[in-house]
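What follows is the content of final_33.cif, which has mmCIF, C-alpha atoms:
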```
data_query
loop_
_atom_site.label_atom_id
_atom_site.label_comp_id
_atom_site.auth_asym_id
_atom_site.auth_seq_id
_atom_site.Cartn_x
_atom_site.Cartn_y
_atom_site.Cartn_z
CA LEU Q 1078 0.00 0.00 0.00
CA PHE Q 1079 2.83 2.41 0.80
CA ARG Q 1080 4.59 1.68 -2.49
CA TRP Q 1081 1.35 2.49 -4.33
CA ALA Q 1082 0.85 5.72 -2.35
CA LYS Q 1083 4.42 6.85 -2.99
CA ARG Q 1084 4.19 6.07 -6.69
CA PHE Q 1085 1.11 8.29 -7.15
CA ASP Q 1086 2.37 11.06 -4.81
CA HIS Q 1087 -0.18 10.39 -2.08
CA CYS Q 1088 2.43 9.81 0.60
CA ARG Q 1089 6.20 10.26 0.86
CA ASP Q 1090 7.01 8.83 4.27
CA ASN Q 1091 6.34 5.25 5.23
CA PRO Q 1092 4.01 5.43 8.29
CA CYS Q 1093 5.13 1.95 9.35
CA ASP Q 1094 8.59 3.37 10.15
CA ARG Q 1095 7.06 5.02 13.24
CA LEU Q 1096 5.72 1.75 14.64
CA PRO Q 1097 7.70 0.04 17.43
CA LYS Q 1098 9.50 -3.10 16.44
CA LEU Q 1099 7.62 -6.28 17.25
CA LYS Q 1100 9.18 -8.52 19.85
CA ARG Q 1101 9.37 -12.01 18.45
CA LYS Q 1102 8.53 -14.70 20.95
CA PRO Q 1103 11.00 -17.58 21.14
CA PRO Q 1104 9.61 -20.98 20.18
CA PRO Q 1105 7.90 -22.75 23.13
CA VAL Q 1106 9.91 -25.25 25.14
CA HIS Q 1107 7.70 -28.14 26.20
CA PRO Q 1108 8.53 -29.90 29.50
CA ILE Q 1109 9.34 -33.57 29.00
CA PHE Q 1110 9.91 -36.59 31.24
CA SER Q 1111 13.50 -37.66 31.82
CA LEU Q 1112 14.48 -41.33 31.58
CA VAL Q 1113 14.50 -41.53 35.38
CA GLU Q 1114 11.00 -40.05 35.54
CA GLN Q 1115 9.74 -42.39 32.83
CA GLN Q 1116 10.97 -45.35 34.86
CA ALA Q 1117 9.34 -43.87 37.97
CA LEU Q 1118 6.01 -43.76 36.12
CA VAL Q 1119 6.38 -47.45 35.26
CA ASN Q 1120 7.51 -48.42 38.78
CA GLY Q 1121 4.67 -46.44 40.34
CA CYS Q 1122 2.15 -48.81 38.75
CA SER Q 1123 3.02 -51.38 41.44
CA THR Q 1124 0.82 -49.41 43.87
CA SER Q 1125 -2.19 -49.51 41.54
CA LEU Q 1126 -5.20 -51.70 42.30
CA LEU Q 1127 -4.68 -53.20 38.82
CA PRO Q 1128 -0.88 -53.03 38.49
CA ASP Q 1129 -0.45 -55.18 35.36
CA LEU Q 1130 -3.08 -53.17 33.50
CA ASP Q 1131 -1.62 -49.79 34.44
CA ARG Q 1132 1.94 -50.91 33.70
CA ALA Q 1133 0.91 -51.97 30.19
CA ARG Q 1134 -0.87 -48.65 29.71
CA VAL Q 1135 2.07 -46.50 30.85
CA LEU Q 1136 4.63 -48.44 28.81
CA LEU Q 1137 2.49 -48.22 25.69
CA LEU Q 1138 1.87 -44.51 26.22
CA LEU Q 1139 5.61 -43.79 26.55
CA ASP Q 1140 6.38 -45.99 23.55
CA CYS Q 1141 4.07 -44.57 20.90
CA GLY Q 1142 3.63 -40.83 21.56
CA ALA Q 1143 -0.14 -41.07 21.22
CA ARG Q 1144 -2.61 -38.27 21.83
CA LYS Q 1145 -5.23 -38.65 24.58
CA GLY Q 1146 -7.97 -39.15 22.01
CA GLU Q 1147 -5.91 -41.84 20.29
CA ILE Q 1148 -5.39 -43.93 23.41
CA ARG Q 1149 -9.08 -43.59 24.32
CA ALA Q 1150 -10.00 -45.07 20.93
CA LEU Q 1151 -7.32 -47.78 21.07
CA THR Q 1152 -8.58 -51.38 21.17
CA ILE Q 1153 -6.78 -54.64 21.88
CA GLY Q 1154 -7.12 -55.55 18.21
CA ASP Q 1155 -5.09 -52.45 17.28
CA ILE Q 1156 -2.02 -53.90 19.02
CA ASP Q 1157 0.07 -56.36 16.99
CA LEU Q 1158 2.30 -58.21 19.45
CA ARG Q 1159 3.98 -60.33 16.78
CA GLU Q 1160 5.04 -57.34 14.68
CA ARG Q 1161 5.56 -55.16 17.77
CA CYS Q 1162 3.51 -52.23 16.58
CA VAL Q 1163 0.29 -50.39 17.36
CA LEU Q 1164 -2.27 -48.92 14.97
CA LEU Q 1165 -3.35 -45.40 15.99
CA LEU Q 1166 -6.27 -43.45 14.59
CA GLY Q 1167 -5.23 -39.80 14.54
CA LYS Q 1168 -6.74 -36.49 13.54
CA GLY Q 1169 -8.69 -36.47 10.30
CA SER Q 1170 -9.16 -40.25 10.66
CA ARG Q 1171 -5.56 -40.76 9.53
CA GLU Q 1172 -4.14 -44.13 10.57
CA ARG Q 1173 -0.49 -44.79 11.36
CA LEU Q 1174 1.54 -47.77 12.54
CA VAL Q 1175 3.98 -47.06 15.37
CA PRO Q 1176 6.58 -49.58 16.60
CA ILE Q 1177 6.71 -50.43 20.30
CA ARG Q 1178 9.50 -51.91 22.39
CA LYS Q 1179 9.81 -55.43 23.76
CA GLU Q 1180 9.01 -54.33 27.33
CA ALA Q 1181 5.62 -52.94 26.29
CA VAL Q 1182 4.89 -56.05 24.21
CA SER Q 1183 5.68 -58.31 27.19
CA ALA Q 1184 3.48 -56.22 29.51
CA ILE Q 1185 0.51 -56.40 27.14
CA ASP Q 1186 1.06 -60.12 26.53
CA ARG Q 1187 1.02 -60.72 30.30
CA LEU Q 1188 -2.16 -58.67 30.57
CA LEU Q 1189 -3.88 -60.83 27.96
CA LEU Q 1190 -2.81 -64.02 29.74
CA GLN Q 1191 -3.85 -62.67 33.16
CA PRO Q 1192 -6.70 -60.24 32.40
CA PRO Q 1193 -7.93 -57.78 35.07
CA LEU Q 1194 -10.42 -59.35 37.49
CA GLY Q 1195 -10.57 -62.43 35.26
CA ARG Q 1196 -12.39 -60.61 32.46
CA THR Q 1197 -10.99 -61.94 29.15
CA LEU Q 1198 -9.97 -59.09 26.86
CA LEU Q 1199 -11.40 -59.32 23.34
CA PRO Q 1200 -9.98 -57.67 20.18
CA THR Q 1201 -12.83 -55.12 20.28
CA ASP Q 1202 -12.17 -54.20 23.92
CA HIS Q 1203 -10.42 -50.98 24.88
CA LEU Q 1204 -7.16 -50.77 26.80
CA TRP Q 1205 -8.25 -47.58 28.57
CA PHE Q 1206 -11.64 -48.50 30.04
CA PRO Q 1207 -13.70 -47.63 33.13
CA TRP Q 1208 -13.78 -49.78 36.25
CA HIS Q 1209 -15.44 -49.72 39.66
CA ILE Q 1210 -13.65 -49.41 42.99
CA SER Q 1211 -15.18 -50.49 46.31
CA GLN Q 1212 -13.96 -48.81 49.50
CA PHE Q 1213 -14.26 -50.54 52.86
CA GLY Q 1214 -14.76 -49.01 56.29
CA ASP Q 1215 -11.11 -49.54 57.24
CA GLY Q 1216 -9.96 -47.49 54.24
CA ARG Q 1217 -9.03 -50.42 52.02
CA LYS Q 1218 -9.94 -50.22 48.34
CA ARG Q 1219 -10.56 -52.97 45.84
CA GLY Q 1220 -11.38 -53.03 42.16
CA ASP Q 1221 -14.39 -55.28 41.71
CA ARG Q 1222 -15.68 -54.70 38.17
CA VAL Q 1223 -14.31 -53.62 34.80
CA TRP Q 1224 -15.95 -52.61 31.50
CA PRO Q 1225 -13.34 -53.08 28.72
CA GLU Q 1226 -16.06 -52.88 26.09
CA ARG Q 1227 -16.54 -49.19 26.95
CA LYS Q 1228 -14.28 -46.32 25.93
CA TRP Q 1229 -13.07 -44.34 28.94
CA SER Q 1230 -14.21 -40.73 29.20
CA ASP Q 1231 -11.77 -37.87 28.73
CA ARG Q 1232 -12.15 -37.06 32.41
CA GLY Q 1233 -11.50 -40.66 33.40
CA VAL Q 1234 -8.20 -40.74 31.50
CA HIS Q 1235 -7.22 -37.37 33.00
CA ASP Q 1236 -7.87 -38.58 36.57
CA TRP Q 1237 -6.01 -41.83 35.86
CA TRP Q 1238 -2.98 -39.86 34.67
CA LYS Q 1239 -2.98 -37.66 37.78
CA GLN Q 1240 -2.90 -40.81 39.91
CA ARG Q 1241 -0.02 -42.27 37.92
CA VAL Q 1242 2.10 -39.12 38.23
CA ALA Q 1243 1.34 -38.90 41.96
CA ALA Q 1244 2.31 -42.56 42.44
CA ALA Q 1245 5.58 -41.91 40.59
CA GLY Q 1246 6.42 -39.07 42.99
CA ILE Q 1247 7.43 -36.67 40.21
CA LEU Q 1248 6.42 -33.17 39.13
CA TYR Q 1249 3.03 -33.14 37.42
CA ARG Q 1250 2.97 -32.60 33.67
CA LYS Q 1251 0.06 -33.15 31.33
CA LEU Q 1252 -0.41 -36.50 29.65
CA HIS Q 1253 0.27 -34.76 26.32
CA ASN Q 1254 3.84 -34.15 27.47
CA THR Q 1255 4.54 -37.87 27.05
CA ARG Q 1256 4.07 -37.11 23.34
CA HIS Q 1257 6.71 -34.38 23.47
CA THR Q 1258 8.96 -36.76 25.41
CA TYR Q 1259 8.52 -39.43 22.74
CA ALA Q 1260 9.38 -36.98 19.94
CA THR Q 1261 12.42 -35.63 21.82
CA ASP Q 1262 13.73 -39.13 22.53
CA LEU Q 1263 13.45 -39.96 18.81
CA MET Q 1264 15.36 -36.82 17.81
CA ASP Q 1265 18.02 -37.47 20.46
CA ALA Q 1266 18.46 -40.90 18.86
CA ASP Q 1267 19.16 -39.17 15.50
CA ALA Q 1268 15.87 -40.25 13.93
CA ASN Q 1269 15.02 -38.77 10.55
CA PRO Q 1270 12.74 -35.71 11.14
CA LYS Q 1271 10.37 -36.93 8.43
CA ASP Q 1272 10.06 -40.30 10.16
CA VAL Q 1273 9.36 -38.48 13.45
CA LYS Q 1274 6.64 -36.46 11.70
CA ASP Q 1275 5.04 -39.65 10.37
CA MET Q 1276 5.19 -41.46 13.72
CA LEU Q 1277 3.59 -38.48 15.47
CA GLY Q 1278 0.86 -38.30 12.85
CA HIS Q 1279 1.53 -34.66 11.96
CA ALA Q 1280 0.14 -33.33 8.69
CA ASP Q 1281 2.71 -30.51 8.53
CA MET Q 1282 6.45 -30.69 9.20
CA ARG Q 1283 6.29 -27.28 10.89
CA THR Q 1284 4.20 -28.80 13.68
CA THR Q 1285 6.90 -31.40 14.30
CA GLU Q 1286 9.61 -28.73 14.33
#
```
What does the file become when written as structure tokens?
Amino acid sequence: LFRWAKRFDHCRDNPCDRLPKLKRKPPPVHPIFSLVEQQALVNGCSTSLLPDLDRARVLLLLDCGARKGEIRALTIGDIDLRERCVLLLGKGSRERLVPIRKEAVSAIDRLLLQPPLGRTLLPTDHLWFPWHISQFGDGRKRGDRVWPERKWSDRGVHDWWKQRVAAAGILYRKLHNTRHTYATDLMDADANPKDVKDMLGHADMRTTE
């Protein structure tokens, strides 16, 4: 607009020169979980009322960098123990296969052999599902019923995560920060940025950066 105004003698001075310079914000630094904290999250599952289930959940979450919505939708049939990978349904209904480590595979295999409260887990069942806790007069708690056929609510997953962080005895960070941790660990291992983008399910490389 100024070039046009100057060309036709409407204005000689650029009014934008009088504006203060914009302060550019540095790119955000997302807090991540250190290796020690990741292990504390796994170890903290021993205090859970369903320790094998929560251990499998935490290991899988740390291994695949999934969003909260993705783990809520995850079913047993989406986990391929033989090929050591998990199928995630991301934004825009985009599917992606993400490899998982042997420790997570072993934890899920154990869970299938010894299902929570004796309820056999079917391929259509969810891994993050609601369950009922009974509390006795002496303060003891016991899980007495599970509903793997139901998808856990967003609030249910949030409360579960708060319990896991508290049991680990570490500083609270959102569940989504496990995703940033996953991406950072991949980059620290010299992974190809494009491969990181694909494993995170990003549509744009700038989001990954």
Quick one: residues within 10 Å of Q:Ser1111, all atoms listed in the file counted, chain neighbours fewer than 6 positions away excluded, as a ChimeraX atom specification? /Q:1117,1258,1262
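Within the file as shown, the PyMOL selection byres ((chain Q and resi 1137-1150) around 7) identifies Ala1133, Arg1134, Val1135, Leu1136, Leu1151, Thr1152, Leu1165, Leu1166, Gly1167, Val1175, Ile1177, Arg1178, Ala1181, Trp1205, Lys1228, Trp1229, His1253, Thr1255, Arg1256, Tyr1259 and Leu1277 of chain Q.
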Would you save the residues from that selection as a compact mmCIF listing (two decimals), keeping the file's coordinate frame, using C-alpha atoms?
```
# COMPACT_ATOMS: atom_id res chain seq x y z
CA ALA Q 1133 0.91 -51.97 30.19
CA ARG Q 1134 -0.87 -48.65 29.71
CA VAL Q 1135 2.07 -46.50 30.85
CA LEU Q 1136 4.63 -48.44 28.81
CA LEU Q 1151 -7.32 -47.78 21.07
CA THR Q 1152 -8.58 -51.38 21.17
CA LEU Q 1165 -3.35 -45.40 15.99
CA LEU Q 1166 -6.27 -43.45 14.59
CA GLY Q 1167 -5.23 -39.80 14.54
CA VAL Q 1175 3.98 -47.06 15.37
CA ILE Q 1177 6.71 -50.43 20.30
CA ARG Q 1178 9.50 -51.91 22.39
CA ALA Q 1181 5.62 -52.94 26.29
CA TRP Q 1205 -8.25 -47.58 28.57
CA LYS Q 1228 -14.28 -46.32 25.93
CA TRP Q 1229 -13.07 -44.34 28.94
CA HIS Q 1253 0.27 -34.76 26.32
CA THR Q 1255 4.54 -37.87 27.05
CA ARG Q 1256 4.07 -37.11 23.34
CA TYR Q 1259 8.52 -39.43 22.74
CA LEU Q 1277 3.59 -38.48 15.47
```
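Distances to Q:Pro1192 were evaluated for Q:Ala1082, Q:Pro1225, Q:Lys1251, Q:Lys1102 using only C-alpha atoms, and the minimum falls at Q:Pro1225.
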Would you compute an axis-aligned box for stretch 1111-1120 of chain Q, covering every atom listed for it in the file with 4 Å of margin on each side, and report centre and edge lengths in Å to one decimal as AutoDock Vina command-line options?
```
--center_x 10.3 --center_y -43.0 --center_z 35.2 --size_x 16.5 --size_y 18.8 --size_z 15.2
```
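Atom CA of Q:Asp1129 is found 22.8 Å from atom CA of Q:Phe1213.
When atom CA of Q:Leu1194 is paired with atom CA of Q:Leu1126, their separation reads 10.4 Å.
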One number please: atom CA of Q:Val1182 to atom CA of Q:Gln1240, in Å, one decimal. 23.2 Å
Using all atoms listed in the file: which of Q:Gln1115, Q:Gln1191, Q:Asn1091, Q:Ser1230 has the shortest distance to Q:Trp1208: Q:Ser1230
Restricting the calculation to only C-alpha atoms, which member of Q:Arg1095, Q:His1203, Q:Arg1171, Q:Lys1100 is positioned closest to Q:Arg1227? Q:His1203
Mind checking which residues fall within 10 Å of Q:Ile1247, counting all atoms listed in the file, ignoring those fewer than 5 positions away in the same chain, and posting them as a ChimeraX atom specification? /Q:1110,1113-1115,1117-1118,1241-1242
Determine the residue membership of the PyMOL selection byres ((chain Q and resi 1283) around 12) for the file above and supply it as a CSV table (one decimal) with C-alpha atoms, keeping the file's coordinate frame.
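File written: expr34.csv
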```
chain,number,residue,atom,x,y,z
Q,1104,PRO,CA,9.6,-21.0,20.2
Q,1270,PRO,CA,12.7,-35.7,11.1
Q,1271,LYS,CA,10.4,-36.9,8.4
Q,1273,VAL,CA,9.4,-38.5,13.4
Q,1274,LYS,CA,6.6,-36.5,11.7
Q,1279,HIS,CA,1.5,-34.7,12.0
Q,1280,ALA,CA,0.1,-33.3,8.7
Q,1281,ASP,CA,2.7,-30.5,8.5
Q,1282,MET,CA,6.4,-30.7,9.2
Q,1284,THR,CA,4.2,-28.8,13.7
Q,1285,THR,CA,6.9,-31.4,14.3
Q,1286,GLU,CA,9.6,-28.7,14.3
```
Is there a way to get, as an MDAnalysis selection string, all residues within 10 Å of the point (-5.5, -48.0, 42.6) in file coordinates, counting all atoms listed in the file? chainID Q and resid 1122:1128 1131 1210 1218:1220 1237 1240:1241 1244
Given all atoms listed in the file as the basis, pick out the residue of Q:Ala1260, Q:Ile1109, Q:Ile1185, Q:Ala1243 nearest to Q:Gly1121. Q:Ala1243
Write out as a PyMOL selection string which residues come within 10 Å of Q:Pro1092 when counting all atoms listed in the file, dropping same-chain ones fewer than 4 positions away. chain Q and resi 1079+1088+1096
